[in-house]
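**Q** Dropping in target-v2.txt, with compact mmCIF, C-alpha atoms.
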# COMPACT_ATOMS: atom_id res chain seq x y z
CA MET I 14 133.59 102.47 90.38
CA SER I 15 133.98 98.73 90.01
CA SER I 16 130.57 98.03 88.55
CA LEU I 17 130.44 95.07 86.19
CA ALA I 18 128.58 97.12 83.58
CA ILE I 19 131.36 99.71 83.58
CA GLN I 20 134.04 97.03 83.28
CA LEU I 21 132.23 95.44 80.35
CA LEU I 22 130.97 98.48 78.49
CA GLY I 23 133.23 101.32 79.56
CA ALA I 24 132.12 104.21 81.75
CA SER I 25 130.64 106.39 79.00
CA ARG I 26 128.70 103.69 77.25
CA ALA I 27 127.42 102.23 80.56
CA ALA I 28 126.22 105.68 81.67
CA ILE I 29 124.46 106.40 78.35
CA LEU I 30 122.78 103.00 78.25
CA ALA I 31 121.74 103.29 81.90
CA ALA I 32 120.19 106.71 81.26
CA LEU I 33 118.16 105.46 78.29
CA LEU I 34 117.55 101.73 78.77
CA LEU I 35 116.44 101.95 82.39
CA ARG I 36 113.75 104.48 81.44
CA PRO I 37 112.80 103.14 78.02
CA GLU I 38 109.62 105.22 77.73
CA VAL I 39 111.56 108.45 77.97
CA GLU I 40 113.07 110.14 74.94
CA MET I 41 116.03 112.34 75.79
CA HIS I 42 117.51 115.37 74.13
CA VAL I 43 121.29 115.14 73.62
CA ARG I 44 121.95 118.01 76.00
CA GLU I 45 119.87 116.29 78.66
CA ILE I 46 121.87 113.08 78.24
CA ALA I 47 125.05 115.14 78.59
CA ARG I 48 123.72 116.63 81.82
CA VAL I 49 122.75 113.35 83.50
CA THR I 50 125.81 111.40 82.36
CA GLY I 51 128.39 114.18 82.60
CA ILE I 52 129.98 113.04 79.33
CA SER I 53 131.66 115.66 77.12
CA ALA I 54 129.88 116.58 73.89
CA GLY I 55 132.40 115.00 71.49
CA THR I 56 132.44 111.57 73.13
CA LEU I 57 128.70 111.67 73.69
CA HIS I 58 127.83 112.36 70.05
CA ARG I 59 130.20 109.64 68.86
CA GLU I 60 128.81 107.05 71.33
CA LEU I 61 125.19 107.93 70.60
CA ARG I 62 125.69 107.62 66.84
CA ALA I 63 127.46 104.27 67.27
CA LEU I 64 124.75 102.88 69.56
CA ALA I 65 122.03 104.04 67.17
CA GLU I 66 123.83 102.36 64.26
CA LEU I 67 124.03 99.17 66.33
CA GLY I 68 120.26 99.32 66.74
CA VAL I 69 120.42 99.68 70.53
CA LEU I 70 119.12 103.26 70.46
CA VAL I 71 116.60 105.08 68.28
CA ARG I 72 117.62 108.48 66.92
CA ARG I 73 114.95 111.04 66.05
CA GLU I 74 115.44 114.49 64.61
CA ALA I 75 112.89 117.23 65.26
CA GLY I 76 113.92 120.43 63.54
CA ARG I 77 117.44 121.14 64.74
CA GLN I 78 117.06 118.98 67.84
CA VAL I 79 118.17 115.35 68.11
CA PHE I 80 116.52 112.93 70.52
CA TYR I 81 117.54 109.44 71.55
CA SER I 82 115.62 106.65 73.25
CA ALA I 83 115.99 102.93 73.87
CA ASP I 84 115.12 100.70 70.93
CA ARG I 85 112.95 98.09 72.59
CA SER I 86 112.86 96.02 69.44
CA CYS I 87 116.61 95.44 69.69
CA PRO I 88 117.03 91.64 70.11
CA ILE I 89 119.20 92.05 73.23
CA TYR I 90 117.29 94.97 74.75
CA GLU I 91 115.97 92.88 77.69
CA GLU I 92 119.37 91.38 78.43
CA LEU I 93 121.15 94.72 78.29
CA ALA I 94 118.54 96.42 80.47
CA GLY I 95 118.73 93.50 82.90
CA LEU I 96 122.52 93.76 83.06
CA LEU I 97 122.27 97.48 83.81
CA ARG I 98 119.45 97.03 86.33
CA LYS I 99 121.44 94.48 88.26
CA THR I 100 124.84 96.12 88.19
CA LEU I 101 124.43 99.83 87.67
CA GLY I 102 122.28 102.64 88.84
CA LEU I 103 119.54 101.23 90.97
CA ALA I 104 121.11 98.09 92.40
CA ASP I 105 124.51 99.68 92.97
CA VAL I 106 123.04 102.74 94.65
CA LEU I 107 120.79 100.67 96.92
CA ARG I 108 123.52 98.20 97.74
CA SER I 109 125.92 100.88 98.90
CA ALA I 110 123.14 102.67 100.79
CA LEU I 111 122.39 99.49 102.75
CA ALA I 112 126.05 98.52 103.21
CA PRO I 113 126.40 100.16 106.65
CA LEU I 114 123.53 97.97 107.90
CA ALA I 115 124.84 94.74 106.35
CA GLY I 116 125.65 93.23 109.75
CA ARG I 117 122.02 93.46 110.78
CA VAL I 118 120.45 92.42 107.46
CA ARG I 119 120.10 88.78 106.45
CA VAL I 120 118.72 89.39 102.96
CA ALA I 121 117.66 92.49 101.03
CA PHE I 122 116.27 92.64 97.54
CA VAL I 123 114.25 94.71 95.09
CA TYR I 124 110.98 93.10 94.11
CA GLY I 125 107.95 94.21 92.09
CA SER I 126 107.95 96.08 88.80
CA MET I 127 111.52 97.39 89.06
CA ALA I 128 112.84 93.84 89.47
CA SER I 129 110.71 92.28 86.77
CA GLY I 130 111.43 94.99 84.21
CA THR I 131 107.79 96.12 83.94
CA ALA I 132 108.33 99.48 85.67
CA SER I 133 107.02 102.74 84.23
CA ALA I 134 108.64 106.15 84.66
CA GLN I 135 106.53 106.71 87.78
CA SER I 136 107.05 103.30 89.39
CA ASP I 137 108.32 103.20 92.95
CA VAL I 138 111.16 100.93 94.00
CA ASP I 139 109.93 98.21 96.37
CA VAL I 140 112.69 96.99 98.64
CA MET I 141 112.38 94.10 101.11
CA VAL I 142 114.83 94.06 103.99
CA LEU I 143 114.83 91.03 106.29
CA GLY I 144 116.85 91.11 109.50
CA ASP I 145 117.18 93.12 112.68
CA ALA I 146 118.04 96.54 111.23
CA GLY I 147 114.64 98.10 112.07
CA PHE I 148 112.36 100.35 110.06
CA THR I 149 113.95 103.67 111.02
CA ALA I 150 117.54 102.71 110.24
CA VAL I 151 116.55 101.36 106.82
CA VAL I 152 114.39 104.38 105.99
CA LYS I 153 117.22 106.75 106.90
CA ALA I 154 119.80 104.70 104.98
CA LEU I 155 117.69 104.58 101.82
CA HIS I 156 116.36 108.15 101.93
CA PRO I 157 119.32 109.83 100.13
CA ALA I 158 119.25 107.10 97.45
CA GLN I 159 115.84 108.33 96.24
CA ALA I 160 117.36 111.44 94.65
CA LYS I 161 120.08 109.34 92.99
CA VAL I 162 117.70 106.86 91.36
CA ASN I 163 115.07 109.56 90.79
CA ARG I 164 112.32 107.35 92.19
CA VAL I 165 110.44 106.90 95.45
CA ILE I 166 111.85 103.97 97.45
CA ASN I 167 109.42 101.97 99.58
CA PRO I 168 111.20 99.73 102.05
CA THR I 169 109.44 96.93 103.94
CA VAL I 170 111.48 95.94 106.96
CA MET I 171 110.75 92.66 108.72
CA THR I 172 112.59 90.29 110.97
CA VAL I 173 113.30 86.93 109.34
CA ALA I 174 110.88 85.33 111.83
CA GLU I 175 108.06 87.73 110.88
CA PHE I 176 108.50 87.10 107.18
CA VAL I 177 108.79 83.32 107.59
CA ARG I 178 105.66 83.31 109.78
CA LYS I 179 103.69 85.15 107.07
CA TRP I 180 105.16 82.94 104.38
CA ARG I 181 104.25 79.81 106.33
CA ALA I 182 100.70 81.12 106.81
CA ARG I 183 100.51 81.52 103.02
CA ASP I 184 99.98 85.25 103.45
CA GLY I 185 99.33 86.72 99.98
CA PHE I 186 101.92 89.47 100.25
CA ALA I 187 104.67 87.16 101.53
CA LEU I 188 103.93 84.61 98.82
CA SER I 189 103.97 87.14 96.01
CA VAL I 190 107.22 88.65 97.30
CA ALA I 191 108.79 85.20 97.65
CA ASN I 192 107.77 84.27 94.13
CA SER I 193 108.56 87.59 92.45
CA GLN I 194 111.70 88.27 90.46
CA LYS I 195 114.38 89.79 92.64
CA ILE I 196 117.42 91.97 92.29
CA TRP I 197 119.67 90.88 95.13
CA LEU I 198 121.21 93.63 97.27
CA ILE I 199 122.33 91.57 100.27
CA GLY I 200 122.30 87.77 100.22
CA ASP I 201 121.17 85.66 97.28
CA ASP I 202 118.76 82.93 96.17
CA ASP I 203 120.57 80.33 98.27
CA VAL I 204 120.24 82.27 101.51
CA PHE I 205 116.60 82.93 100.71
CA ALA I 206 115.96 79.24 99.92
CA GLU I 207 117.51 78.45 103.31
CA LEU I 208 114.81 80.63 104.94
CA GLY I 209 112.23 78.69 102.92
CA LYS I 210 113.59 75.35 104.17
CA ASN I 211 113.34 76.69 107.66
CA ARG I 212 109.73 77.45 106.84
CA ALA I 213 109.02 73.91 105.63
CA ALA I 214 110.68 72.38 108.69
CA LYS I 215 108.66 74.51 111.08
CA ALA I 216 105.45 73.82 109.21
CA ALA I 217 106.03 70.05 109.37
CA MET F 10 108.59 126.88 102.27
CA SER F 11 106.72 128.63 105.08
CA LEU F 12 103.16 128.15 106.30
CA GLN F 13 102.36 131.46 104.59
CA ASN F 14 103.70 130.10 101.32
CA LEU F 15 101.68 126.90 101.71
CA ALA F 16 98.62 129.11 102.19
CA ARG F 17 99.54 131.14 99.09
CA ILE F 18 99.60 128.00 96.91
CA GLY F 19 96.23 126.93 98.29
CA GLN F 20 97.37 124.04 100.49
CA LEU F 21 96.43 125.86 103.71
CA LYS F 22 93.75 128.29 104.80
CA PRO F 23 93.91 130.83 107.62
CA HIS F 24 92.30 129.71 110.85
CA SER F 25 91.48 131.17 114.30
CA PRO F 26 92.21 128.47 116.85
CA THR F 27 90.08 127.87 119.95
CA ALA F 28 91.07 126.22 123.23
CA ASP F 29 88.11 123.89 122.85
CA GLU F 30 89.18 122.36 119.51
CA VAL F 31 92.82 122.09 120.56
CA GLN F 32 91.93 120.25 123.76
CA ARG F 33 89.43 118.00 121.96
CA LEU F 34 92.15 117.01 119.49
CA MET F 35 94.74 116.49 122.22
CA ALA F 36 92.32 114.10 123.93
CA ALA F 37 91.87 112.29 120.60
CA VAL F 38 95.65 111.91 120.21
CA ARG F 39 95.89 110.37 123.69
CA ARG F 40 92.98 108.02 122.91
CA ASN F 41 94.67 106.95 119.70
CA LEU F 42 97.93 106.32 121.53
CA THR F 43 96.10 104.15 124.07
CA ASP F 44 94.48 102.16 121.25
CA ALA F 45 97.84 101.86 119.45
CA ALA F 46 99.39 100.43 122.61
CA ARG F 47 96.86 97.59 122.90
CA ILE F 48 98.76 94.45 121.99
CA ASP F 49 95.61 92.47 121.22
CA ASN F 50 94.98 94.83 118.29
CA SER F 51 96.35 93.81 114.89
CA THR F 52 99.57 95.37 113.60
CA GLU F 53 97.50 97.28 111.01
CA THR F 54 95.15 98.75 113.61
CA ARG F 55 97.99 99.71 115.92
CA PHE F 56 99.74 101.43 113.02
CA ASP F 57 96.56 103.21 111.93
CA CYS F 58 95.89 104.53 115.45
CA ALA F 59 99.47 105.76 115.86
CA TYR F 60 99.47 107.34 112.41
CA LYS F 61 96.17 109.07 113.16
CA GLY F 62 97.79 110.40 116.34
CA ILE F 63 100.70 111.79 114.32
CA MET F 64 98.29 113.53 111.92
CA GLN F 65 96.31 114.98 114.82
CA CYS F 66 99.48 116.31 116.48
CA ALA F 67 100.41 117.98 113.19
CA LEU F 68 96.89 119.39 112.92
CA VAL F 69 96.93 120.86 116.45
CA ALA F 70 100.28 122.55 115.78
CA MET F 71 98.96 123.92 112.49
CA LEU F 72 95.69 125.21 113.98
CA ALA F 73 97.56 126.81 116.86
CA SER F 74 99.83 128.49 114.29
CA GLY F 75 96.75 130.03 112.62
CA PHE F 76 96.24 127.70 109.65
CA ARG F 77 94.22 124.65 108.66
CA PRO F 78 94.62 122.30 105.71
CA SER F 79 92.55 123.23 102.69
CA THR F 80 90.23 120.27 102.21
CA SER F 81 89.83 121.05 98.51
CA ALA F 82 93.56 120.63 97.75
CA PRO F 83 94.97 117.12 97.21
CA GLY F 84 97.78 115.64 99.30
CA HIS F 85 96.66 116.64 102.81
CA HIS F 86 98.76 114.04 104.52
CA GLN F 87 101.88 115.16 102.72
CA THR F 88 101.12 118.79 103.57
CA MET F 89 100.58 117.89 107.22
CA ILE F 90 103.94 116.08 107.44
CA GLN F 91 105.57 118.92 105.52
CA SER F 92 104.24 121.43 108.06
CA LEU F 93 105.84 119.77 111.09
CA PRO F 94 109.32 121.29 110.71
CA LEU F 95 107.59 124.68 110.25
CA THR F 96 105.37 124.41 113.32
CA LEU F 97 107.07 122.17 115.89
CA GLY F 98 110.58 122.46 114.47
CA VAL F 99 110.76 118.71 113.79
CA SER F 100 114.29 117.74 112.65
CA ASN F 101 115.05 116.60 109.13
CA ASP F 102 115.86 113.09 110.37
CA THR F 103 112.49 112.78 112.06
CA TRP F 104 110.75 114.26 109.04
CA ILE F 105 112.27 111.55 106.83
CA VAL F 106 110.85 108.84 109.08
CA LEU F 107 107.42 110.49 109.35
CA ASP F 108 107.23 110.84 105.58
CA ALA F 109 108.17 107.16 105.20
CA LEU F 110 105.32 106.27 107.59
CA ARG F 111 102.97 108.34 105.44
CA LYS F 112 104.03 106.41 102.32
CA LYS F 113 103.69 103.16 104.25
CA ARG F 114 100.11 104.05 105.18
CA ASN F 115 99.38 105.02 101.58
CA GLN F 116 100.72 101.72 100.28
CA ASN F 117 98.89 99.69 102.89
CA ASP F 118 95.60 101.47 102.26
CA TYR F 119 95.72 101.47 98.47
CA THR F 120 97.78 98.45 97.42
CA GLY F 121 97.22 96.16 100.40
CA ALA F 122 100.99 95.90 100.87
CA ALA F 123 102.16 94.35 104.13
CA LEU F 124 102.35 96.36 107.29
CA GLU F 125 105.28 95.13 109.25
CA VAL F 126 105.71 95.10 113.02
CA SER F 127 108.73 97.43 112.84
CA ALA F 128 106.72 100.12 110.98
CA ALA F 129 103.91 99.98 113.56
CA ALA F 130 106.43 100.15 116.41
CA GLU F 131 108.09 103.18 114.82
CA ALA F 132 104.72 104.91 114.23
CA ILE F 133 103.87 104.45 117.91
CA ARG F 134 107.27 105.77 119.02
CA GLN F 135 107.00 108.79 116.73
CA ALA F 136 103.43 109.57 117.83
CA LYS F 137 104.46 109.52 121.51
CA GLU F 138 107.44 111.72 120.86
CA LEU F 139 105.41 114.15 118.79
CA LEU F 140 102.79 114.43 121.54
CA THR F 141 105.49 115.27 124.10
CA THR F 142 106.99 117.87 121.76
CA LEU F 143 103.55 119.30 121.04
CA GLU F 144 102.59 119.60 124.72
CA ALA F 145 105.81 121.44 125.55
CA TRP F 146 105.41 123.68 122.50
CA LEU F 147 101.81 124.59 123.39
CA ARG F 148 102.79 125.42 126.97
CA ARG F 149 105.57 127.63 125.66
CA GLU F 150 104.01 129.26 122.59
CA HIS F 151 100.24 129.09 123.06
CA PRO F 152 99.42 128.67 126.77
CA GLU F 153 96.05 130.36 126.15
CA LEU F 154 94.95 127.29 124.16
CA LEU F 155 95.54 125.03 127.15
CA ARG F 156 93.35 126.99 129.56
CA ALA F 157 89.94 125.60 130.49
CA PRO F 158 87.47 126.65 127.80
CA ARG F 159 84.90 129.14 128.98
Could you express the structure from this file as C-alpha cells?
**A**
Amino acid sequence: MSSLAIQLLGASRAAILAALLLRPEVEMHVREIARVTGISAGTLHRELRALAELGVLVRREAGRQVFYSADRSCPIYEELAGLLRKTLGLADVLRSALAPLAGRVRVAFVYGSMASGTASAQSDVDVMVLGDAGFTAVVKALHPAQAKVNRVINPTVMTVAEFVRKWRARDGFALSVANSQKIWLIGDDDVFAELGKNRAAKAA
Amino acid sequence: MSLQNLARIGQLKPHSPTADEVQRLMAAVRRNLTDAARIDNSTETRFDCAYKGIMQCALVAMLASGFRPSTSAPGHHQTMIQSLPLTLGVSNDTWIVLDALRKKRNQNDYTGAALEVSAAAEAIRQAKELLTTLEAWLRREHPELLRAPR
C-alpha cells in the first residue's frame, strides 16, 4: 500500500497507531491489537513499548494482562490522529471504494464528527458525494467499506446543481456541510470553492 | 437467520393472516405509491410515502408467511428489512439499498439531515419493484389471500 502514513511511519507502526489513535476511547489488550493489525508478537511488543515510552500510548497493567490506549495528552496527538485519519484507514478505504465511480463524481468528502475529530466509538461516517453517480451506485460501492472501518457509513448523494441550489438558498444542512471540516476523498478545497463561486454568480 | 429464529428471539410473533388485512394493506401500498409519484409533493414527503410503501410490502409478505413484528421489541424497521430476503427472496444487492434507505429515513427523522432527490427516486423505484415482486409472490404462494373476502 502506498499510503503516506505507511511511508512515513512504517507499516507496523502505522497500523498500531491507526488501531489506537483513531479510536482513542478504546483500550486494547495486546492480543487484540495483534489480531486487528496482524503484526507478529515480537515486533508488536517492541513497537508498543517504544510508543509508550515516547508518550504516544498509555500502557496499563491489570494482573497479568497489558492494555494500551492512545495518550490524548501527548502534545502531537491531534496531529498524528489527523495524519492517520486523512491517509490511513477511513479515508483510504473510502477513497478506493469510490474510485470506480470517480468519473461520475465531482467531489466527495467525509464531514461531521469523523472529519472534525470529535467522533465517538459509535459515531457514523457521514459522506457527501456530489455528482451524477446516483444513490444506489454509491450505497453499493460504500457498503463493503463499512466492515473495514467498523462503522456505519451514511452517504448523501446529490447532483452538484441540487447541492448548489440548497447552498444558495442558505439551507441549514448545506451550509453546515459546506462549513464543516472535510476529509477529501475525490476533489479538494479548490474544486469545492469553484462550486461556491458558481453559487455566488448564480445568486447575483 | 430464519423467520422462526426471529420469532425465537422475540422480534416476531406468530400470526394468522386474513385476505381482508392483506388486501387492505395492498391498497395502502398503491395509495402510497400514487402519493410518492406526485411531483408537487416535497422530496421528503415523496420519500416518506415510498418508504412507507416498502414497509407495508414487507409487512404483507411477513403476515402472509405467518408472522408479525413484535411491537414490544425495538428496531422494527430493521427487522422488516431483514425479513425481505426470507419472505420475498430479495437479493443481497437490493437488501443493501433497502437498508440504506432505512438509515436515510432514520437520519432524516431524527437528525434533520438532508433528504436528497436521488434517495427519494430510489425509494420510489424500490417500492414499485417490491410491489410487483409481492403481487407475483402472493399469486404463486398464497392465492387464497387474494380472493374476495367473505
**Q** Out of I:Ile89, I:Val123, I:Leu114, I:Ala187, which residue has the shortest atom-to-atom distance to Gly121 in chain F when counting all atoms listed in the file?
**A**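 So, comparing all the options, the nearest one is I:Ala187.
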**Q** With a cut-off of 12 Å, could you pull out the residues of range 95-130 of chain F touching range 38-48 of chain F and give me the nearest pair of atoms for each, distance in Å to one decimal, using all atoms listed in the file, ordered by chain and ascending number, as a Markdown table?
**A**
| residue | atom | partner | partner_atom | distance |
| --- | --- | --- | --- | --- |
| F:Val126 | CA | F:Ile48 | CA | 11.4 |
| F:Ala129 | CA | F:Ala45 | CA | 8.7 |
| F:Ala130 | CA | F:Ala45 | CA | 9.3 |
**Q** Counting only C-alpha atoms, collect the residues of chain F whose closest atom lies at most 12 Å from chain I, and write them out as a ChimeraX atom specification.
**A** /F:52,101-117,120-132,134-135
**Q** Which residues are close to range 140-153 of chain F, i.e. within 12 Å by only C-alpha atoms, leaving aside same-chain residues fewer than 3 positions away? Reply as an MDAnalysis selection string.
**A** chainID F and resid 26:29 31:32 34:42 59 61:75 93:94 96:100 133:137 156:159
**Q** Applying 6 Å and only C-alpha atoms, which residues near range 29-39 of chain I remain after dropping the ones on its own chain fewer than 3 positions away? List them as a list in words.
**A**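 Answer for this query is Arg26, Ser82, Ala83 and Ala94 of chain I.
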**Q** Tell me, as a PyMOL selection string, which residues lie within 12 Å of Ser79 in chain F, counting all atoms listed in the file; anything in the same chain fewer than 4 positions away does not count.
**A** chain F and resi 15-24+68+71-72+83-86+88-89
**Q** In Å to one decimal, how far is CA of Ala54 in chain I from CA of Tyr90 in chain I?
**A**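 Distance between the two atoms: 25.0 Å.
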